[in-house]
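Visitor: Here's a structure for you.
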Amino acid sequence: QQAPRLKLWLISLIETITYRSARVIIHTTQQDADFVAKLYRVNTSKLHVIPNYVDTDLFKPTNVIKQLHTVCFVGRLEKQKNLSALVKAMRGVQAKLVLYGEGSQHTELESTAREHCVDVEFRGRIANEELPAALNACTVFVLPSLYEGNPKVLLEAMACGLPVVGTDVEGITSI
């Protein structure tokens, strides 16, 4: 019990020293900048917000044939992304869940999908240059994360003109 507390204290000390020593700190959202200013008592003149960039020449609505009734997710198949809840929420929905990405939850998600009779297609990793066509082919994009920073994939899906659904967490709500 003592070792984890000491480790957390040490991490906090290092973060505080680092933030206070920095001349410039760049964040992708104002929420993140405000968090750092408050938690580490950093002078706000050091903080700058530069939002994530999306190449709208690449990520844009296209005439790709839509795969009707497809709900898509792109990202790591990890606990943070809350995909088990998404799979369970799809039970009884007449739509296919298309998951792009890899991660430690793959096998568990396959099992959950079978258990709840959900049509899930695991497509694995996708190259960034192929992502716009994949997004445009889907009906809706979902990001059910438990927490996020500034999810670029959400911005990319929106740039493709997809309706998006996300959980009510910082990072997603700021977008």
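Ordering of the structure tokens sets the chain letters (A, B, ...); residue numbers start at 1 within each chain; ligands are numbered from 1 in the order shown.
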Find the nearest atom pair between each residue of range 112-170 of chain A and range 95-107 of chain A for residues within 6 Å, count only C-alpha atoms, give distances in Å to one decimal, sort rows by chain and ascending number, and present the table as CSV.

Guide:
```
residue,atom,partner,partner_atom,distance
A:Asp119,CA,A:Lys96,CA,5.1
A:Val120,CA,A:Leu97,CA,4.7
A:Glu121,CA,A:Val98,CA,4.9
A:Phe122,CA,A:Leu99,CA,5.0
A:Arg123,CA,A:Tyr100,CA,5.1
A:Gly124,CA,A:Gly101,CA,4.6
A:Arg125,CA,A:Gly101,CA,4.5
```

Visitor: So that I can check the surroundings of Ala89 in chain A, please list as a PyMOL selection string every protein, DNA and RNA residue that reaches within 10 Å of it, counting only C-alpha atoms and ignoring chain neighbours fewer than 6 positions away.

Guide: chain A and resi 83+116+118

Visitor: To test your reading of the structure, identify every residue in range 34-105 of chain A that backbone DSSP assigns to strand (DSSP E or B), and report it as a PyMOL selection string.

Guide: chain A and resi 47-49+70-74+96-100

Visitor: Would you save the residues from that selection as a compact mmCIF listing (two decimals), in the first residue's frame, using C-alpha atoms?

Guide:
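Saved the output as out.txt:
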```
# COMPACT_ATOMS: atom_id res chain seq x y z
CA LEU A 47 -0.47 27.75 -21.74
CA HIS A 48 -1.44 27.69 -25.40
CA VAL A 49 -4.23 25.80 -27.15
CA THR A 70 -23.60 0.11 -39.96
CA VAL A 71 -22.34 1.55 -36.71
CA CYS A 72 -18.60 2.06 -36.78
CA PHE A 73 -15.82 2.56 -34.24
CA VAL A 74 -12.15 3.24 -34.92
CA LYS A 96 -23.92 -4.27 -37.90
CA LEU A 97 -21.21 -3.00 -35.58
CA VAL A 98 -17.94 -2.51 -37.49
CA LEU A 99 -14.82 -2.21 -35.35
CA TYR A 100 -11.51 -0.99 -36.76
```

Visitor: Of the candidates A:Ser84, A:Leu154, A:Glu129, A:Arg91, which shows the shortest atom-to-atom distance to Glu108 in chain A, using only C-alpha atoms?

Guide: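 When distances to Glu108 in chain A are compared using only C-alpha atoms, the smallest one comes from A:Ser84.
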
Visitor: For the interface of range 64-174 of chain A with range 51-57 of chain A (cut-off 10 Å, counting only C-alpha atoms), please tabulate each contacting residue of range 64-174 of chain A alongside its nearest pair of atoms and their separation in Å to one decimal, rows sorted by chain and increasing number, as JSON lines.

Guide:
```
{"residue": "A:Pro132", "atom": "CA", "partner": "A:Thr56", "partner_atom": "CA", "distance": 10.0}
{"residue": "A:Asn150", "atom": "CA", "partner": "A:Asn52", "partner_atom": "CA", "distance": 7.4}
{"residue": "A:Pro151", "atom": "CA", "partner": "A:Asn52", "partner_atom": "CA", "distance": 8.5}
{"residue": "A:Lys152", "atom": "CA", "partner": "A:Asn52", "partner_atom": "CA", "distance": 6.6}
{"residue": "A:Val153", "atom": "CA", "partner": "A:Val54", "partner_atom": "CA", "distance": 9.1}
{"residue": "A:Leu155", "atom": "CA", "partner": "A:Val54", "partner_atom": "CA", "distance": 7.0}
{"residue": "A:Glu156", "atom": "CA", "partner": "A:Val54", "partner_atom": "CA", "distance": 6.3}
{"residue": "A:Ala159", "atom": "CA", "partner": "A:Thr56", "partner_atom": "CA", "distance": 6.6}
{"residue": "A:Cys160", "atom": "CA", "partner": "A:Thr56", "partner_atom": "CA", "distance": 8.3}
```

Visitor: Excluding same-chain residues fewer than 5 positions from Pro61 in chain A, what lies within 12 Å of it counting only C-alpha atoms, as an MDAnalysis selection string?

Guide: chainID A and resid 56 66 132:138 156:163

Visitor: For Ser145 in chain A, list every protein, DNA or RNA residue within 9 Å, evaluated using only C-alpha atoms, and leave out those in the same chain fewer than 2 positions away; present the list as a VMD selection string.

Guide: chain A and resid 79 to 83 143 147 to 148 166 to 169 172

Visitor: Pull the closest atom pair for each residue of range 30-110 of chain A that gets at most 12 Å from range 18-23 of chain A, along with the distance in Å to one decimal, counting only C-alpha atoms, ordering rows by chain and then ascending residue number, as CSV.

Guide:
```
residue,atom,partner,partner_atom,distance
A:Ala33,CA,A:Tyr19,CA,11.2
A:Phe35,CA,A:Tyr19,CA,11.9
A:Val36,CA,A:Tyr19,CA,8.1
A:Ala37,CA,A:Tyr19,CA,9.2
A:Lys38,CA,A:Tyr19,CA,11.6
A:Leu39,CA,A:Tyr19,CA,10.3
A:Tyr40,CA,A:Tyr19,CA,7.1
A:Arg41,CA,A:Arg20,CA,7.9
A:Val42,CA,A:Arg20,CA,5.8
A:Asn43,CA,A:Arg20,CA,8.0
A:Thr44,CA,A:Arg20,CA,10.7
A:Ser45,CA,A:Arg23,CA,9.3
A:Lys46,CA,A:Arg23,CA,6.1
A:Leu47,CA,A:Arg23,CA,8.9
A:His48,CA,A:Arg23,CA,10.9
```
